[in-house]
file protein18.csv (CSV, C-alpha atoms and all ligand atoms)
chain,number,residue,atom,x,y,z
R,26,MET,CA,-14.8,-59.8,42.3
R,27,ALA,CA,-14.2,-57.4,39.4
R,28,GLU,CA,-15.7,-58.3,36.1
R,29,ALA,CA,-13.2,-56.5,33.9
R,30,PRO,CA,-11.1,-58.0,31.1
R,31,GLN,CA,-8.9,-60.7,32.5
R,32,PRO,CA,-5.3,-59.6,33.2
R,33,LYS,CA,-2.6,-61.3,31.3
R,34,ARG,CA,-1.4,-64.4,32.9
R,35,LYS,CA,2.3,-64.2,33.6
R,36,ARG,CA,4.9,-66.2,35.3
R,37,GLU,CA,7.8,-65.1,37.3
R,38,GLU,CA,9.9,-67.7,35.4
R,39,GLU,CA,9.5,-65.6,32.3
R,40,GLU,CA,11.8,-63.1,33.9
R,41,LYS,CA,14.4,-65.7,34.7
R,42,GLY,CA,17.6,-65.3,32.9
R,43,LYS,CA,16.6,-61.9,31.4
R,44,ASN,CA,18.0,-59.7,34.2
R,45,GLU,CA,21.4,-58.8,32.6
R,46,ASN,CA,22.5,-56.1,34.9
R,47,GLY,CA,22.5,-55.8,38.6
R,48,GLY,CA,20.2,-58.7,39.1
R,49,ALA,CA,21.8,-61.6,37.3
R,50,ALA,CA,22.4,-63.6,40.4
R,51,ALA,CA,18.6,-64.2,40.9
R,52,ALA,CA,18.5,-66.2,37.6
R,53,ALA,CA,21.4,-68.4,38.5
R,54,PHE,CA,19.9,-70.7,41.2
R,55,ALA,CA,16.9,-72.8,42.0
R,56,LEU,CA,14.6,-72.3,45.0
R,57,SER,CA,15.7,-75.7,46.3
R,58,ASP,CA,19.3,-74.3,46.7
R,59,LEU,CA,18.0,-72.2,49.6
R,60,ARG,CA,18.0,-73.3,53.2
R,61,VAL,CA,15.6,-71.7,55.7
R,62,ARG,CA,17.5,-70.0,58.6
R,63,ARG,CA,14.5,-68.5,60.5
R,64,VAL,CA,11.0,-67.1,60.1
R,65,LEU,CA,11.2,-63.3,60.1
R,66,ARG,CA,7.4,-62.8,60.2
R,67,GLU,CA,4.2,-64.6,59.6
R,68,SER,CA,0.9,-63.1,58.6
R,69,ALA,CA,-2.2,-65.2,59.0
R,70,ARG,CA,-4.3,-62.4,57.5
R,71,ASP,CA,-2.2,-62.1,54.4
R,72,LYS,CA,-1.5,-65.9,54.3
R,73,ALA,CA,2.2,-65.1,53.9
R,74,VAL,CA,5.5,-66.0,55.6
R,75,PHE,CA,8.7,-64.0,55.4
R,76,LEU,CA,11.9,-66.1,55.7
R,77,HIS,CA,15.5,-65.4,56.3
R,78,ALA,CA,17.2,-68.1,54.1
R,79,GLU,CA,20.7,-68.7,52.8
R,80,ARG,CA,22.4,-70.3,49.9
R,81,ILE,CA,25.5,-72.3,50.6
R,82,GLY,CA,28.3,-71.8,48.1
R,83,LEU,CA,31.0,-74.3,47.0
R,84,SER,CA,33.3,-73.0,49.8
R,85,GLY,CA,30.6,-73.8,52.4
R,86,GLU,CA,30.0,-70.0,53.0
R,87,GLY,CA,26.3,-69.0,53.3
R,88,THR,CA,24.9,-66.0,51.4
R,89,ASP,CA,21.8,-64.4,52.9
R,90,ALA,CA,18.4,-64.4,51.0
R,91,VAL,CA,14.9,-63.3,51.9
R,92,VAL,CA,12.1,-65.5,50.7
R,93,ILE,CA,8.4,-64.4,50.9
R,94,LEU,CA,5.9,-67.2,50.4
R,95,GLU,CA,2.3,-66.1,49.8
R,96,LYS,CA,-0.8,-68.1,49.0
R,97,THR,CA,-2.2,-66.5,45.9
R,98,PRO,CA,-5.7,-65.0,45.8
R,99,PHE,CA,-8.6,-67.0,44.2
R,100,GLN,CA,-9.1,-66.7,40.5
R,101,GLU,CA,-12.8,-66.5,39.8
R,102,GLU,CA,-12.9,-68.7,36.8
R,103,LYS,CA,-11.1,-71.5,38.7
R,104,ILE,CA,-13.4,-71.6,41.7
R,105,PRO,CA,-15.9,-74.2,40.3
R,106,ASP,CA,-13.0,-76.6,39.8
R,107,LEU,CA,-12.0,-76.2,43.5
R,108,LEU,CA,-15.3,-77.6,44.6
R,109,ARG,CA,-15.5,-80.2,41.8
R,110,LYS,CA,-12.0,-81.5,41.8
R,111,PRO,CA,-10.4,-81.5,45.2
R,112,LEU,CA,-8.0,-84.4,45.8
R,113,LYS,CA,-9.5,-84.7,49.3
R,114,ALA,CA,-12.4,-82.9,51.1
R,115,GLU,CA,-12.4,-83.6,54.8
R,116,LEU,CA,-15.4,-82.7,56.9
R,117,GLN,CA,-14.1,-81.0,60.1
R,118,MET,CA,-17.4,-80.1,61.8
R,119,HIS,CA,-21.1,-80.1,61.2
R,120,ASN,CA,-23.6,-78.4,63.4
R,121,ASP,CA,-27.1,-77.6,62.2
R,122,ILE,CA,-26.8,-75.6,59.0
R,123,TYR,CA,-23.1,-75.0,59.5
R,124,CYS,CA,-20.1,-77.2,58.4
R,125,THR,CA,-16.4,-76.7,57.5
R,126,PHE,CA,-14.4,-78.8,55.1
R,127,TYR,CA,-10.7,-78.9,54.5
R,128,LEU,CA,-9.9,-79.2,50.8
R,129,SER,CA,-6.7,-80.5,49.2
R,130,PRO,CA,-6.8,-78.9,45.8
R,131,PRO,CA,-4.9,-80.2,42.8
R,132,PRO,CA,-1.5,-78.4,42.3
R,133,GLU,CA,-2.8,-76.0,39.6
R,134,LEU,CA,-5.3,-74.7,42.0
R,135,SER,CA,-3.0,-74.3,45.0
R,136,GLU,CA,-0.3,-72.1,43.9
R,137,ILE,CA,2.1,-70.3,46.2
R,138,LYS,CA,4.0,-67.2,45.0
R,139,ALA,CA,7.7,-67.1,46.1
R,140,THR,CA,9.5,-63.7,46.0
R,141,VAL,CA,13.2,-64.0,46.5
R,142,VAL,CA,15.7,-61.3,47.3
R,143,TYR,CA,19.2,-62.7,46.7
R,144,PRO,CA,21.7,-61.7,47.7
R,145,ALA,CA,19.9,-59.9,50.5
R,146,THR,CA,21.5,-57.2,52.6
R,147,GLU,CA,21.0,-56.8,56.4
R,148,LYS,CA,18.5,-54.0,55.6
R,149,HIS,CA,16.4,-56.3,53.5
R,150,ILE,CA,16.3,-58.8,56.4
R,151,GLN,CA,15.4,-56.0,58.9
R,152,LYS,CA,12.6,-54.8,56.5
R,153,TYR,CA,10.7,-58.0,56.9
R,154,LEU,CA,11.4,-58.8,60.6
R,155,ARG,CA,8.4,-58.4,62.9
R,156,GLN,CA,9.1,-55.4,65.1
R,157,GLU,CA,7.5,-52.7,67.1
R,158,VAL,CA,6.8,-49.6,65.1
R,159,HIS,CA,7.2,-45.9,66.2
R,160,LEU,CA,5.8,-42.8,64.6
R,161,ILE,CA,8.2,-40.0,63.8
R,162,ARG,CA,7.2,-36.4,63.2
R,163,GLU,CA,9.9,-35.0,60.9
R,164,THR,CA,10.2,-31.2,60.4
R,165,TRP,CA,12.0,-29.8,57.3
R,166,GLU,CA,15.0,-29.2,59.6
R,167,ASP,CA,14.9,-32.7,60.8
R,168,TYR,CA,14.9,-33.9,57.2
R,169,LYS,CA,17.9,-31.8,56.3
R,170,ASN,CA,19.9,-32.5,59.5
R,171,ILE,CA,18.9,-36.1,60.2
R,172,THR,CA,17.1,-38.0,57.5
R,173,LEU,CA,18.9,-36.7,54.4
R,174,PRO,CA,22.4,-37.4,55.6
R,175,PHE,CA,21.2,-40.8,56.7
R,176,ILE,CA,19.6,-41.8,53.4
R,177,GLN,CA,22.6,-40.5,51.5
R,178,SER,CA,24.9,-42.7,53.7
R,179,GLN,CA,22.7,-45.9,53.5
R,180,SER,CA,19.6,-46.9,51.5
R,181,PHE,CA,18.6,-49.7,49.3
R,182,SER,CA,20.2,-50.0,45.9
R,183,ILE,CA,17.9,-48.7,43.1
R,184,GLN,CA,19.6,-50.7,40.4
R,185,TRP,CA,16.2,-52.5,39.8
R,186,VAL,CA,14.7,-49.1,39.0
R,187,TYR,CA,17.4,-48.2,36.5
R,188,ASN,CA,17.0,-51.7,34.9
R,189,ILE,CA,13.3,-50.9,34.3
R,190,LEU,CA,14.1,-47.4,32.9
R,191,GLU,CA,16.8,-48.8,30.6
R,192,LYS,CA,14.8,-51.9,29.6
R,193,LYS,CA,17.3,-54.2,31.0
R,194,ALA,CA,14.7,-56.0,33.1
R,195,GLU,CA,10.9,-56.3,33.0
R,196,ALA,CA,10.8,-54.7,29.5
R,197,ASP,CA,8.1,-57.1,28.4
R,198,ARG,CA,6.0,-56.2,31.4
R,199,ILE,CA,5.7,-52.5,30.6
R,200,ILE,CA,2.1,-51.5,30.6
R,201,TYR,CA,2.7,-47.9,29.5
R,202,GLU,CA,5.6,-45.5,28.9
R,203,ASN,CA,5.8,-41.7,28.4
R,204,PRO,CA,9.4,-41.5,27.2
R,205,ASP,CA,9.9,-37.8,27.9
R,206,PRO,CA,13.1,-37.5,30.0
R,207,SER,CA,11.7,-34.7,32.2
R,208,ASN,CA,8.0,-35.4,32.4
R,209,GLY,CA,7.8,-39.1,31.5
R,210,PHE,CA,7.6,-42.4,33.4
R,211,VAL,CA,7.3,-46.2,33.0
R,212,LEU,CA,4.3,-48.1,34.4
R,213,VAL,CA,4.9,-51.7,35.3
R,214,PRO,CA,3.1,-54.3,37.5
R,215,ASP,CA,4.5,-54.2,41.0
R,216,LEU,CA,6.7,-57.0,42.3
R,217,LYS,CA,3.8,-57.8,44.7
R,218,TRP,CA,1.2,-58.5,42.0
R,219,ASN,CA,1.0,-61.7,39.9
R,220,GLN,CA,-1.5,-60.2,37.4
R,221,ASN,CA,-3.8,-63.2,37.7
R,222,GLN,CA,-6.7,-61.4,39.3
R,223,LEU,CA,-7.7,-57.7,39.7
R,224,ASP,CA,-8.6,-57.8,43.4
R,225,ASP,CA,-5.1,-57.1,44.4
R,226,LEU,CA,-4.1,-55.0,41.4
R,227,TYR,CA,-0.8,-53.2,42.1
R,228,LEU,CA,1.3,-51.3,39.6
R,229,VAL,CA,4.1,-48.9,40.1
R,230,ALA,CA,5.1,-45.8,38.0
R,231,VAL,CA,8.8,-45.1,37.9
R,232,VAL,CA,9.7,-41.6,36.7
R,233,HIS,CA,12.5,-41.1,34.1
R,234,ARG,CA,14.1,-38.2,36.1
R,235,ARG,CA,16.7,-39.6,38.4
R,236,GLU,CA,17.3,-36.7,40.9
R,237,ILE,CA,14.0,-36.8,42.7
R,238,LYS,CA,14.4,-38.9,45.8
R,239,SER,CA,11.1,-38.6,47.5
R,240,LEU,CA,8.1,-36.4,48.3
R,241,ARG,CA,10.5,-34.0,50.1
R,242,ASP,CA,12.1,-33.0,46.8
R,243,LEU,CA,8.9,-32.2,45.0
R,244,THR,CA,8.1,-28.6,44.0
R,245,ALA,CA,5.7,-26.9,41.5
R,246,GLU,CA,8.5,-27.6,38.9
R,247,HIS,CA,7.3,-31.2,39.0
R,248,LEU,CA,3.6,-30.6,38.5
R,249,LEU,CA,3.6,-31.5,34.8
R,250,LEU,CA,5.3,-34.8,35.6
R,251,LEU,CA,3.0,-35.6,38.4
R,252,ARG,CA,-0.1,-34.8,36.4
R,253,ASN,CA,1.1,-37.0,33.6
R,254,VAL,CA,1.7,-39.9,36.0
R,255,LEU,CA,-1.8,-39.5,37.5
R,256,GLN,CA,-3.8,-39.0,34.3
R,257,GLU,CA,-1.8,-41.2,31.9
R,258,GLY,CA,-1.3,-43.9,34.5
R,259,GLN,CA,-5.0,-44.1,35.3
R,260,GLU,CA,-5.9,-44.2,31.6
R,261,ALA,CA,-3.4,-46.9,30.8
R,262,ILE,CA,-4.7,-49.1,33.7
R,263,THR,CA,-8.3,-48.5,32.6
R,264,LYS,CA,-7.4,-49.4,29.0
R,265,ARG,CA,-5.5,-52.6,29.9
R,266,PHE,CA,-7.3,-53.9,32.9
R,267,GLY,CA,-10.7,-52.2,32.7
R,268,VAL,CA,-10.5,-50.7,36.2
R,269,PRO,CA,-11.7,-47.1,36.2
R,270,GLY,CA,-9.7,-44.3,37.7
R,271,SER,CA,-12.4,-43.9,40.5
R,272,GLN,CA,-11.4,-47.4,41.7
R,273,LEU,CA,-7.7,-46.8,41.9
R,274,ARG,CA,-5.7,-45.6,44.9
R,275,VAL,CA,-2.8,-43.6,43.5
R,276,TYR,CA,-0.2,-42.5,46.1
R,277,LEU,CA,3.4,-42.0,47.2
R,278,HIS,CA,5.0,-43.5,50.3
R,279,TYR,CA,6.9,-41.3,52.8
R,280,GLN,CA,9.4,-42.7,53.7
R,281,PRO,CA,9.8,-44.9,50.6
R,282,SER,CA,12.2,-47.8,50.7
R,283,TYR,CA,13.7,-46.8,47.4
R,284,TYR,CA,14.8,-43.2,46.9
R,285,HIS,CA,13.9,-42.7,43.3
R,286,LEU,CA,10.5,-41.1,42.7
R,287,HIS,CA,7.8,-43.7,42.1
R,288,VAL,CA,4.0,-43.8,42.5
R,289,HIS,CA,1.8,-46.7,43.6
R,290,PHE,CA,-1.4,-47.6,41.8
R,291,THR,CA,-3.5,-50.1,43.8
R,292,ALA,CA,-7.1,-51.4,43.5
R,293,LEU,CA,-9.2,-49.3,45.9
R,294,GLY,CA,-10.8,-52.4,47.4
R,295,TYR,CA,-7.4,-53.9,48.2
R,296,ASP,CA,-5.9,-53.1,51.6
R,297,ALA,CA,-2.4,-52.9,50.2
R,298,PRO,CA,0.6,-53.0,52.5
R,299,GLY,CA,1.7,-49.4,53.1
R,300,SER,CA,-1.5,-47.8,52.1
R,301,SER,CA,-2.3,-46.6,55.6
R,302,VAL,CA,-2.6,-42.9,56.6
R,303,GLU,CA,0.9,-42.9,58.2
R,304,ARG,CA,2.7,-43.8,55.0
R,305,GLY,CA,0.4,-43.0,52.0
R,306,HIS,CA,0.1,-39.6,50.3
R,307,LEU,CA,-2.6,-39.4,47.6
R,308,LEU,CA,-1.0,-38.1,44.4
R,309,ALA,CA,-4.0,-35.9,43.7
R,310,ASP,CA,-3.5,-34.2,47.1
R,311,VAL,CA,0.2,-33.8,46.5
R,312,ILE,CA,-0.5,-32.1,43.2
R,313,ASP,CA,-3.0,-29.7,44.8
R,314,ASN,CA,-0.6,-28.9,47.7
R,315,LEU,CA,2.2,-28.1,45.2
R,316,ALA,CA,-0.1,-26.0,43.0
R,317,MET,CA,-1.0,-24.0,46.1
R,318,ASP,CA,2.5,-23.7,47.4
R,319,SER,CA,5.6,-24.8,45.5
R,320,THR,CA,7.6,-25.3,48.7
R,321,PHE,CA,4.8,-27.1,50.6
R,322,TYR,CA,6.9,-30.2,51.1
R,323,GLN,CA,10.0,-28.2,52.2
R,324,LYS,CA,8.0,-26.5,54.9
R,325,ARG,CA,5.6,-28.9,56.6
R,326,ALA,CA,6.3,-31.6,59.0
R,327,LEU,CA,5.7,-35.2,57.8
R,328,THR,CA,4.8,-38.2,59.9
R,329,PHE,CA,6.0,-41.7,59.1
R,330,PRO,CA,6.5,-45.0,60.9
R,331,LEU,CA,9.9,-46.5,61.7
R,332,ARG,CA,10.7,-50.0,63.0
R,333,ALA,CA,12.2,-50.3,66.5
R,334,ASP,CA,15.7,-51.2,65.3
R,335,ASP,CA,15.8,-48.9,62.2
R,336,PRO,CA,19.0,-47.0,62.5
R,337,LEU,CA,17.1,-43.9,61.4
R,338,LEU,CA,15.0,-44.1,64.6
R,339,LYS,CA,18.2,-44.2,66.6
R,340,LYS,CA,19.4,-41.0,64.9
R,341,PHE,CA,16.1,-39.3,65.8
R,342,GLN,CA,16.4,-40.6,69.4
R,343,GLU,CA,20.0,-39.4,69.6
R,344,ALA,CA,18.8,-35.9,68.5
R,345,GLY,CA,16.2,-36.0,71.3
R,346,LYS,CA,13.3,-36.0,68.8
R,347,VAL,CA,11.5,-39.2,69.9
R,401,LIG,P1,8.5,-48.1,48.3
R,401,LIG,O1,7.5,-47.2,48.9
R,401,LIG,O2,9.8,-47.5,48.0
R,401,LIG,O3,8.9,-49.3,49.3
R,401,LIG,O4,7.9,-48.9,47.1
R,401,LIG,P2,8.0,-50.5,50.0
R,401,LIG,O5,8.5,-51.8,49.3
R,401,LIG,O6,8.5,-50.4,51.4
R,401,LIG,O7,6.6,-50.2,49.7
R,401,LIG,C1,8.6,-49.6,46.1
R,401,LIG,C2,7.6,-50.5,45.4
R,401,LIG,O8,8.3,-51.1,44.3
R,401,LIG,C3,7.0,-51.6,46.2
R,401,LIG,O9,5.6,-51.6,46.0
R,401,LIG,C4,7.7,-52.8,45.7
R,401,LIG,O10,6.9,-54.0,45.8
R,401,LIG,C5,8.0,-52.5,44.3
R,401,LIG,N1,9.2,-53.2,43.8
R,401,LIG,C6,10.4,-53.4,44.5
R,401,LIG,N2,11.3,-54.0,43.7
R,401,LIG,C7,12.6,-54.4,44.1
R,401,LIG,C8,10.7,-54.2,42.5
R,401,LIG,C9,11.1,-54.8,41.2
R,401,LIG,O11,12.2,-55.3,41.1
R,401,LIG,N3,10.2,-54.7,40.2
R,401,LIG,C10,9.0,-54.2,40.4
R,401,LIG,N4,8.1,-54.2,39.3
R,401,LIG,N5,8.5,-53.7,41.5
R,401,LIG,C11,9.4,-53.6,42.6
call {"tool": "encode", "arguments": {"input": "protein18.csv", "output": "structure tokens", "more": "lines below"}}
Ligand code: M7G
result
Amino acid sequence: MAEAPQPKRKREEEEKGKNENGGAAAAAFALSDLRVRRVLRESARDKAVFLHAERIGLSGEGTDAVVILEKTPFQEEKIPDLLRKPLKAELQMHNDIYCTFYLSPPPELSEIKATVVYPATEKHIQKYLRQEVHLIRETWEDYKNITLPFIQSQSFSIQWVYNILEKKAEADRIIYENPDPSNGFVLVPDLKWNQNQLDDLYLVAVVHRREIKSLRDLTAEHLLLLRNVLQEGQEAITKRFGVPGSQLRVYLHYQPSYYHLHVHFTALGYDAPGSSVERGHLLADVIDNLAMDSTFYQKRALTFPLRADDPLLKKFQEAGKV
């Protein structure tokens, strides 16, 4: 485990009640108000389960929610307590020099992180449903004729992004800001990171400019912005968390879920969801590509995965492209 300065311990509850615009609903209920409808996906590897839940209103109508339950990673300083203070330690098997125990840790050592999306749209539910995945190879023409009209007609709301930029949410979580409207950005811990340990470090840089949807919109005009994100983002993370730039994976997703330019910063040793070759584009490579050719991303084909029932896949199938 990394031996850097300990990250600040934060609780999701701190955010409760602070979300004044576009997210106020999340503060107005308790987890116990939610009923589980079905399991969308389970991951034994990530120790996580993705649930379709609902909250029943006074009229008896249910409103959809997505709940993600994840066992949190170990915190190094608490490990000795796990062995010293289990409520129960059951020996399951013993053979020669090998044995397995099942421990029941006290509550403070057995946390579960719950991420709630409420109210959730059908698209949120689809995002977490286990499905077959297909690779798409999208030319620039495909982008203009198929993808762009599709994302303009339906994509996730980016209100949460505007809330960060306008300091209406997560203002006390900001790690760094370059306030320049053209070449600046805000760096915050990602929703997926609880900041209790550095092993799964995950931050996201959200740019101030609002018209850049994705990698496809980038040209040499954005080089200064991208270089700022890479350099200042790495420096800010090193300063705050003690992780050097050489141990950070800094990348964009294509396709992203949210069409407002943002950059992912994850610990190099962490196999973060979405960091695979079919979705991740290293920011340093993006910068070099744009420096060589301003229209690089308006020329080349890009590959990305789509889930089997993603309506965008259907559009590519209808156009005879899959
Ligand atoms: P993406 O590539 O658009 O989509 O990345 P993905 O979720 O399919 O990877 C968006 C990133 O923003 C993800 O890493 C999300 O976990 C993160 N994120 C999403 N929301 C709604 C929030 C939020 O409200 N706050 C913060 N801090 N991060 C978020």
call {"tool": "closest_residue", "arguments": {"input": "protein18.csv", "among": "R:Lys340, R:Arg332, R:His285, R:His233", "to": "ligand LIG 401 (chain R)", "atoms": "only C-alpha atoms and all ligand atoms"}}
result
R:His285
call {"tool": "closest_residue", "arguments": {"input": "protein18.csv", "among": "R:Asn221, R:Ser319, R:Gln151, R:Gln342", "to": "ligand LIG 401 (chain R)", "atoms": "all atoms listed in the file"}}
result
R:Gln151
call {"tool": "closest_atom_pairs", "arguments": {"input": "protein18.csv", "of": "chain R", "to": "ligand LIG 401 (chain R)", "cutoff": "8 Å", "atoms": "all atoms listed in the file", "output": "tab-separated table"}}
result
residue	atom	partner	partner_atom	distance
R:Lys152	CA	R:LIG401	O6	7.9
R:Ile183	CA	R:LIG401	C7	7.8
R:Trp185	CA	R:LIG401	O11	5.1
R:Val186	CA	R:LIG401	O11	7.0
R:Ile189	CA	R:LIG401	N3	7.7
R:Glu195	CA	R:LIG401	N4	7.2
R:Val213	CA	R:LIG401	N4	5.7
R:Pro214	CA	R:LIG401	N4	5.3
R:Asp215	CA	R:LIG401	N4	4.0
R:Leu216	CA	R:LIG401	N5	3.8
R:Lys217	CA	R:LIG401	O10	5.0
R:Tyr227	CA	R:LIG401	O9	7.7
R:Leu228	CA	R:LIG401	N4	7.4
R:Val229	CA	R:LIG401	O8	6.3
R:Leu277	CA	R:LIG401	O1	6.8
R:His278	CA	R:LIG401	O1	4.7
R:Tyr279	CA	R:LIG401	O1	7.1
R:Gln280	CA	R:LIG401	O1	6.8
R:Pro281	CA	R:LIG401	O1	3.7
R:Ser282	CA	R:LIG401	O2	3.6
R:Tyr283	CA	R:LIG401	O2	4.0
R:Tyr284	CA	R:LIG401	O2	6.7
R:His285	CA	R:LIG401	O2	7.9
R:His287	CA	R:LIG401	C1	7.2
R:Val288	CA	R:LIG401	O4	7.9
R:His289	CA	R:LIG401	O9	6.6
R:Pro298	CA	R:LIG401	O7	7.2
R:Gly299	CA	R:LIG401	O7	6.0
call {"tool": "write_last_selection", "arguments": {"input": "protein18.csv", "atoms": "C-alpha atoms", "output": "PDB file, keeping the file's coordinate frame"}}
result
ATOM      1  CA  LYS R 152      12.600 -54.800  56.500  1.00  0.00           C
ATOM      2  CA  ILE R 183      17.900 -48.700  43.100  1.00  0.00           C
ATOM      3  CA  TRP R 185      16.200 -52.500  39.800  1.00  0.00           C
ATOM      4  CA  VAL R 186      14.700 -49.100  39.000  1.00  0.00           C
ATOM      5  CA  ILE R 189      13.300 -50.900  34.300  1.00  0.00           C
ATOM      6  CA  GLU R 195      10.900 -56.300  33.000  1.00  0.00           C
ATOM      7  CA  VAL R 213       4.900 -51.700  35.300  1.00  0.00           C
ATOM      8  CA  PRO R 214       3.100 -54.300  37.500  1.00  0.00           C
ATOM      9  CA  ASP R 215       4.500 -54.200  41.000  1.00  0.00           C
ATOM     10  CA  LEU R 216       6.700 -57.000  42.300  1.00  0.00           C
ATOM     11  CA  LYS R 217       3.800 -57.800  44.700  1.00  0.00           C
ATOM     12  CA  TYR R 227      -0.800 -53.200  42.100  1.00  0.00           C
ATOM     13  CA  LEU R 228       1.300 -51.300  39.600  1.00  0.00           C
ATOM     14  CA  VAL R 229       4.100 -48.900  40.100  1.00  0.00           C
ATOM     15  CA  LEU R 277       3.400 -42.000  47.200  1.00  0.00           C
ATOM     16  CA  HIS R 278       5.000 -43.500  50.300  1.00  0.00           C
ATOM     17  CA  TYR R 279       6.900 -41.300  52.800  1.00  0.00           C
ATOM     18  CA  GLN R 280       9.400 -42.700  53.700  1.00  0.00           C
ATOM     19  CA  PRO R 281       9.800 -44.900  50.600  1.00  0.00           C
ATOM     20  CA  SER R 282      12.200 -47.800  50.700  1.00  0.00           C
ATOM     21  CA  TYR R 283      13.700 -46.800  47.400  1.00  0.00           C
ATOM     22  CA  TYR R 284      14.800 -43.200  46.900  1.00  0.00           C
ATOM     23  CA  HIS R 285      13.900 -42.700  43.300  1.00  0.00           C
ATOM     24  CA  HIS R 287       7.800 -43.700  42.100  1.00  0.00           C
ATOM     25  CA  VAL R 288       4.000 -43.800  42.500  1.00  0.00           C
ATOM     26  CA  HIS R 289       1.800 -46.700  43.600  1.00  0.00           C
ATOM     27  CA  PRO R 298       0.600 -53.000  52.500  1.00  0.00           C
ATOM     28  CA  GLY R 299       1.700 -49.400  53.100  1.00  0.00           C
TER      29      GLY R 299
END
call {"tool": "closest_residue", "arguments": {"input": "protein18.csv", "among": "R:Arg274, R:His149, R:Lys138, R:Arg304", "to": "Gln259 of chain R", "atoms": "only C-alpha atoms"}}
result
R:Arg274
call {"tool": "closest_residue", "arguments": {"input": "protein18.csv", "among": "R:Leu337, R:Val158, R:Val91, R:Ile200", "to": "Lys264 of chain R", "atoms": "all atoms listed in the file"}}
result
R:Ile200
call {"tool": "residues_near_point", "arguments": {"input": "protein18.csv", "point": "(16.8, -73.0, 49.8)", "cutoff": "10 Å", "atoms": "all atoms listed in the file", "output": "list in words"}}
result
Phe54, Ala55, Leu56, Ser57, Asp58, Leu59, Arg60, Val61, Arg62, Ala78, Glu79, Arg80, Ile81, Ala90 and Val92 of chain R
call {"tool": "atom_distance", "arguments": {"input": "protein18.csv", "atom1": "atom CA of Leu173 of chain R", "atom2": "atom CA of Leu338 of chain R"}}
result
13.2 Å
call {"tool": "closest_residue", "arguments": {"input": "protein18.csv", "among": "R:Leu255, R:His77, R:Gln323, R:Thr263", "to": "Tyr153 of chain R", "atoms": "all atoms listed in the file"}}
result
R:His77
call {"tool": "atom_distance", "arguments": {"input": "protein18.csv", "atom1": "atom CA of Ser207 of chain R", "atom2": "atom CA of Leu250 of chain R"}}
result
7.2 Å
call {"tool": "closest_residue", "arguments": {"input": "protein18.csv", "among": "R:Ile122, R:Ala297, R:Ala145, R:Leu273", "to": "Thr88 of chain R", "atoms": "all atoms listed in the file"}}
result
R:Ala145
call {"tool": "atom_distance", "arguments": {"input": "protein18.csv", "atom1": "atom CA of Lys192 of chain R", "atom2": "atom CA of Arg235 of chain R"}}
result
15.2 Å
call {"tool": "residues_around", "arguments": {"input": "protein18.csv", "residues": "Arg155 of chain R", "least_positions_apart": "4", "cutoff": "10 Å", "atoms": "all atoms listed in the file", "output": "VMD selection string"}}
result
chain R and resid 64 to 68 75 151 332 to 333
call {"tool": "residues_around", "arguments": {"input": "protein18.csv", "residues": "Ile93 of chain R", "least_positions_apart": "5", "cutoff": "6 Å", "atoms": "all atoms listed in the file", "output": "NGL selection string"}}
result
:R and (74-75 or 139-140)
call {"tool": "residues_around", "arguments": {"input": "protein18.csv", "residues": "Gly209 of chain R", "least_positions_apart": "2", "cutoff": "10 Å", "atoms": "only C-alpha atoms", "output": "PyMOL selection string"}}
result
chain R and resi 202-207+211+230-234+249-251+253-254+257
call {"tool": "decode", "arguments": {"input": "protein18.csv", "residues": "segment 71-88 of chain R", "atoms": "C-alpha atoms", "output": "PDB file, in the first residue's frame"}}
result
ATOM      1  CA  ASP R  71     -15.084  -5.686  -7.083  1.00  0.00           C
ATOM      2  CA  LYS R  72     -17.171  -6.801  -4.064  1.00  0.00           C
ATOM      3  CA  ALA R  73     -20.017  -4.692  -5.400  1.00  0.00           C
ATOM      4  CA  VAL R  74     -23.679  -5.117  -6.216  1.00  0.00           C
ATOM      5  CA  PHE R  75     -25.763  -2.823  -8.438  1.00  0.00           C
ATOM      6  CA  LEU R  76     -29.451  -2.604  -7.540  1.00  0.00           C
ATOM      7  CA  HIS R  77     -32.570  -1.282  -9.201  1.00  0.00           C
ATOM      8  CA  ALA R  78     -34.522   0.145  -6.269  1.00  0.00           C
ATOM      9  CA  GLU R  79     -37.551   2.341  -5.855  1.00  0.00           C
ATOM     10  CA  ARG R  80     -38.944   4.793  -3.387  1.00  0.00           C
ATOM     11  CA  ILE R  81     -42.652   4.629  -2.777  1.00  0.00           C
ATOM     12  CA  GLY R  82     -44.290   8.062  -2.561  1.00  0.00           C
ATOM     13  CA  LEU R  83     -47.355   9.039  -0.529  1.00  0.00           C
ATOM     14  CA  SER R  84     -49.622   8.257  -3.500  1.00  0.00           C
ATOM     15  CA  GLY R  85     -48.200   4.710  -3.645  1.00  0.00           C
ATOM     16  CA  GLU R  86     -46.299   5.455  -6.879  1.00  0.00           C
ATOM     17  CA  GLY R  87     -42.741   4.110  -7.070  1.00  0.00           C
ATOM     18  CA  THR R  88     -39.851   6.285  -8.312  1.00  0.00           C
TER      19      THR R  88
END
